[in-house]
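Asker: I'd like to ask you about the structure that follows.
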Amino acid sequence: MKRKVCFTVVLMSFFFMAFSQQPTSDQQSWHNNKYSMFIHFGVYSELGGVWNGKPNDNGYSEQIQARAGIFADVYEDIPSRFNPEKWNADSIVSLAKKAGMRSIVITSKHHDGFCMFKTATTRFNIVDATPFKRDVLKELSEACKRANMNLGFYFSLIDYTLHPSTSHNANPITADHHEYNKKQITELLTNYGQISEMWFDMGSLTVNQSREMYELVHRLQPNCLVSGRLGNDAYDFCVMGDNEYPDYKIDAPWQTPASIFNETWGYRSWQKRENLQGKIHEKLLSLIKVVSRGGNYLLNIGPKGDGTVVPYEAEVLTGIGNWLEKNGEAIYGTTANPFPEYFNWGEVTAKKNCLYLILSGTPQESLILKGISGKIKQVSLLNQPTVKFRTKADKENLTIVVPETLFQKDDFKVIKVEFAEGFKVKPENIFEGNNITLNLSNSLKHYSYSCIDYYNNFRSTVKQEWNFSKTGKQVIPVVYYTAGEIGKNIELSWNGTDELVKLQNGTEIHLDTSQIQWGQRFQYGSFQSSFEEVPEKVTSQINPATDWRNRSNLTWKETSDWKDGEVVSIESKPLQSWFVLQEISSETAQEQLVEISSGDGVIVWLNGENLVMHNNPRNSVLNSELVLLTLKPGKNQLLIKFYNRYGWKMEFNINKSVSQKIYRQELTPRNFSGLNNCSLKLHNPESVHETIRMNNVSIEL
């Protein structure tokens, strides 16, 4: 069925996106800190990335046991010479404060299983197995308490002393290993005072294991936050990949962990440490970028085996701290850039009645802020109120005139824009017209970060939002959906008034698909990847004869023997992916339903637009769902990624021979006038990070 839509899109800026779920006070306090110290310190620090007299450049230095192939019994002897006698917890805390950091997260145990604390679970710890005989975590916790510094613990969920090492470090956790981890977590959250966060890493837990660990942490310390890498969406804040900087805003609290050098986190004696000012500039830019997108920045140091901090790393932190001492107001306690665009002249943060324009980019003579309104009180250089700037304002734009000499590479200046009574940024897209359709394609998407494990995570859509203009009259909104959504409860918010809708008892509408022809089908794979990874950029039209040739020995191959509706079964290894490209011709713009069955995860694009992205329950097979395709006249391309995270067989199915009907359900009549807002999300989802999967749902006004 073809449903005509008539609207005008007016490009404007959008309101600042607050969290989809209101953060707790602990989450808000953590979020306001913005900048923290990460410490990778362990028995591996003694080796400094060197084994048998040779630098080991095969992976991170803190993983040298696995990367250099060191036998377990040989590695177990290394603590006998690990004596970090120059370790000084107060000096570490002092450096963090000087750097402008608001908390410290230290490795309590890394993948090698060596514990930097006294534990009853194993002798393989710094008190019992080394000549040092001191509890590093105890000393650091006491130093943090003296300095009023928050302390968190990194904890590796995998442990080479309990299972063989693997290249990916995302091993399943046995029941015995899980109980062992719980005992150590209990010690950490019982013996070291108040802990601000438990920073879990790696492993691949079951849903029950993640939930048990999450509940254990909050039972022992209710105010302690849990990091995203615990997996299975059981956490308090999202964690990006190592040194990953998202180019989108995330509604939930989130963090980027970063190292001074991307090559390692633990101490590496042979690391080239050059261009100090360039490194300060690089990491300060990263901090500003993360904060301007609403995140927190966790920057790592790797102390030497003797316990001292590498001078180069200390100077990098001090350099960032010098800038924060002058400009910290633009970082701490701020919210994300409220505009829909990012600026090549720099970054933007916000707080109460203020905007902070950080001049970290390309010099320009004027800064143009579109769609902003509010009475301006003052525009001046941060902490120098006498240095003011000329402005030009109209109904929708604010222009600030600045001298290009204000842009300084080694000292980013900040312009503070103060408003008398707050400011507003107008919505980005305003739909106008008598007949308006709100759907996935034209929505403003609110994101979180759903994580099953390190290799099975993705940017999840947790809410969709629209803005529209209507003359003052009553409208009966109509929601359309498929059989796949029947029985689901959704929350619609109309100008702040909530409406709970159960999708049921809709009127059937049959789709005429007689003018649709399915053409050639191609497959590409397999290759090892994480869930979201694609070999090349997904475009509206992929040429199977020439595109995606960068991976060796992989090309698109026609699959004439794959029949519609038949299950395809392929031998596969864990962490492997396959792509299927289906060509579809349509004489007119129309819709068609297709059933797609997948294993551990699936991503669907139509003509380059992402429609579906989600993972499935662990080790599941043939999870079926309906996908509504809105086809354009002429040639269309349906692209599907099937992801195998855990098993040894990939099974999937594409079936167009399904009942071609959708459902129409009228909602509560409403009066709209002027500018209006509507949002859609799931009612009581199992997790606030869960993707809503409302790609088939649309609303007509």
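Please note that chains go A, B, ... in the order of the structure tokens, that every chain numbers its residues from 1, and that ligands are numbered from 1 in the order shown.
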Might you pull out every residue within 10 Å of Gln364 (chain A), with only C-alpha atoms counted and same-chain residues fewer than 6 positions away left off, and present them as a list in words?
Answerer: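 Residues near the query, excluding close chain neighbours: Asn344, Trp345, Val401, Val402, Pro403, Glu404, Thr405, Leu406 and Phe407 of chain A.
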Asker: Please save N, CA and C atoms of the selected residues as a JSON list (two decimals), in the first residue's frame.
Answerer:
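Dumped everything to selection-v2.json:
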[["chain", "number", "residue", "atom", "x", "y", "z"],
["A", 344, "ASN", "N", 33.41, 23.56, 12.60],
["A", 344, "ASN", "CA", 34.83, 23.37, 12.28],
["A", 344, "ASN", "C", 35.72, 24.35, 13.03],
["A", 345, "TRP", "N", 35.13, 25.36, 13.67],
["A", 345, "TRP", "CA", 35.94, 26.29, 14.46],
["A", 345, "TRP", "C", 36.20, 25.77, 15.88],
["A", 401, "VAL", "N", 31.48, 38.03, 16.48],
["A", 401, "VAL", "CA", 32.65, 38.45, 15.72],
["A", 401, "VAL", "C", 33.90, 38.28, 16.58],
["A", 402, "VAL", "N", 34.86, 37.53, 16.06],
["A", 402, "VAL", "CA", 36.08, 37.26, 16.83],
["A", 402, "VAL", "C", 37.31, 37.51, 15.96],
["A", 403, "PRO", "N", 38.39, 37.99, 16.53],
["A", 403, "PRO", "CA", 39.64, 38.11, 15.76],
["A", 403, "PRO", "C", 40.26, 36.73, 15.55],
["A", 404, "GLU", "N", 40.76, 36.45, 14.36],
["A", 404, "GLU", "CA", 41.35, 35.14, 14.09],
["A", 404, "GLU", "C", 42.55, 34.87, 14.98],
["A", 405, "THR", "N", 43.18, 35.93, 15.49],
["A", 405, "THR", "CA", 44.34, 35.74, 16.38],
["A", 405, "THR", "C", 43.95, 35.09, 17.70],
["A", 406, "LEU", "N", 42.62, 35.02, 17.97],
["A", 406, "LEU", "CA", 42.17, 34.39, 19.20],
["A", 406, "LEU", "C", 42.34, 32.88, 19.15],
["A", 407, "PHE", "N", 42.47, 32.32, 17.95],
["A", 407, "PHE", "CA", 42.66, 30.88, 17.80],
["A", 407, "PHE", "C", 44.14, 30.56, 18.02]]
Asker: When DSSP works through the backbone of this structure, what residues of region 60-254 of chain A end up as strand (DSSP E or B), shown as a ChimeraX atom specification?
Answerer: /A:103-109,115,125,150-156,172,197-201,204,225-227,237-239,250,254
Asker: Take the residues from that selection and write them out as a short mmCIF file (atom, residue, chain, number, x, y, z; two decimals), in the first residue's frame, keeping C-alpha atoms.
Answerer:
data_model
loop_
_atom_site.label_atom_id
_atom_site.label_comp_id
_atom_site.auth_asym_id
_atom_site.auth_seq_id
_atom_site.Cartn_x
_atom_site.Cartn_y
_atom_site.Cartn_z
CA SER A 103 38.53 10.38 40.11
CA ILE A 104 40.97 7.49 39.72
CA VAL A 105 40.32 4.01 38.34
CA ILE A 106 43.11 1.46 38.90
CA THR A 107 43.54 -2.13 37.73
CA SER A 108 42.76 -4.39 40.65
CA LYS A 109 43.32 -7.43 38.40
CA CYS A 115 45.84 -9.22 41.95
CA ASN A 125 48.80 -11.26 44.51
CA ASN A 150 36.83 9.30 44.11
CA LEU A 151 38.28 5.82 43.55
CA GLY A 152 37.14 3.08 41.20
CA PHE A 153 38.48 -0.40 40.43
CA TYR A 154 39.13 -1.98 37.05
CA PHE A 155 38.46 -5.73 37.16
CA SER A 156 39.16 -8.23 34.39
CA PRO A 172 32.78 -17.47 28.16
CA GLU A 197 32.71 2.58 40.10
CA MET A 198 33.50 -1.01 39.17
CA TRP A 199 35.08 -0.99 35.72
CA PHE A 200 34.60 -4.50 34.33
CA ASP A 201 36.42 -5.66 31.21
CA SER A 204 31.53 -12.95 27.60
CA LEU A 225 28.33 2.49 39.43
CA VAL A 226 28.88 -0.45 37.07
CA SER A 227 30.59 -0.04 33.70
CA PHE A 237 27.11 3.81 32.22
CA CYS A 238 28.12 2.93 28.67
CA VAL A 239 31.76 2.40 27.71
CA ILE A 250 24.28 9.40 23.58
CA TRP A 254 28.90 7.23 28.85
#
Asker: Name the closest residue to Asn208 (chain A) among the candidates A:Asn232, A:Thr513, A:Asn148, A:Asn353; distances are taken between atoms, counting only C-alpha atoms.
Answerer: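 Checking each candidate against Asn208 (chain A), we get A:Asn232 as the closest.
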Asker: If we count only C-alpha atoms, what is near Gln221 (chain A) at a cut-off of 10 Å, once residues fewer than 4 positions away on the same chain are taken out, given as an MDAnalysis selection string?
Answerer: chainID A and resid 186 189:190 193:197 215:217 225
Asker: Pick the closest to Phe38 (chain A) from A:Glu282, A:Glu139, A:Glu313, A:Glu536: which is it, counting only C-alpha atoms?
Answerer: A:Glu313
Asker: Between A:Glu595, A:Glu583, A:Glu532, A:Glu651, which is the closest to Ile570 (chain A) once you count only C-alpha atoms?
Answerer: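 The shortest atom-to-atom distance to Ile570 (chain A) comes from A:Glu651.
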Asker: Taking 6 positions as the minimum chain separation for residues in the same chain, which residues sit within 8 Å of Ser526 (chain A) when counting only C-alpha atoms? Answer as a CSV table (one decimal) with N, CA and C atoms, in the first residue's frame.
Answerer:
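Once written, result.csv looks like this:
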chain,number,residue,atom,x,y,z
A,572,SER,N,30.6,-22.0,10.2
A,572,SER,CA,31.2,-20.7,10.5
A,572,SER,C,31.9,-20.8,11.8
A,576,GLN,N,32.2,-14.3,13.1
A,576,GLN,CA,32.2,-14.2,11.7
A,576,GLN,C,30.9,-13.6,11.2
A,577,SER,N,31.0,-12.9,10.0
A,577,SER,CA,29.9,-12.2,9.4
A,577,SER,C,29.7,-12.6,8.0
A,578,TRP,N,28.4,-12.5,7.5
A,578,TRP,CA,28.0,-12.7,6.1
A,578,TRP,C,27.1,-11.5,5.7
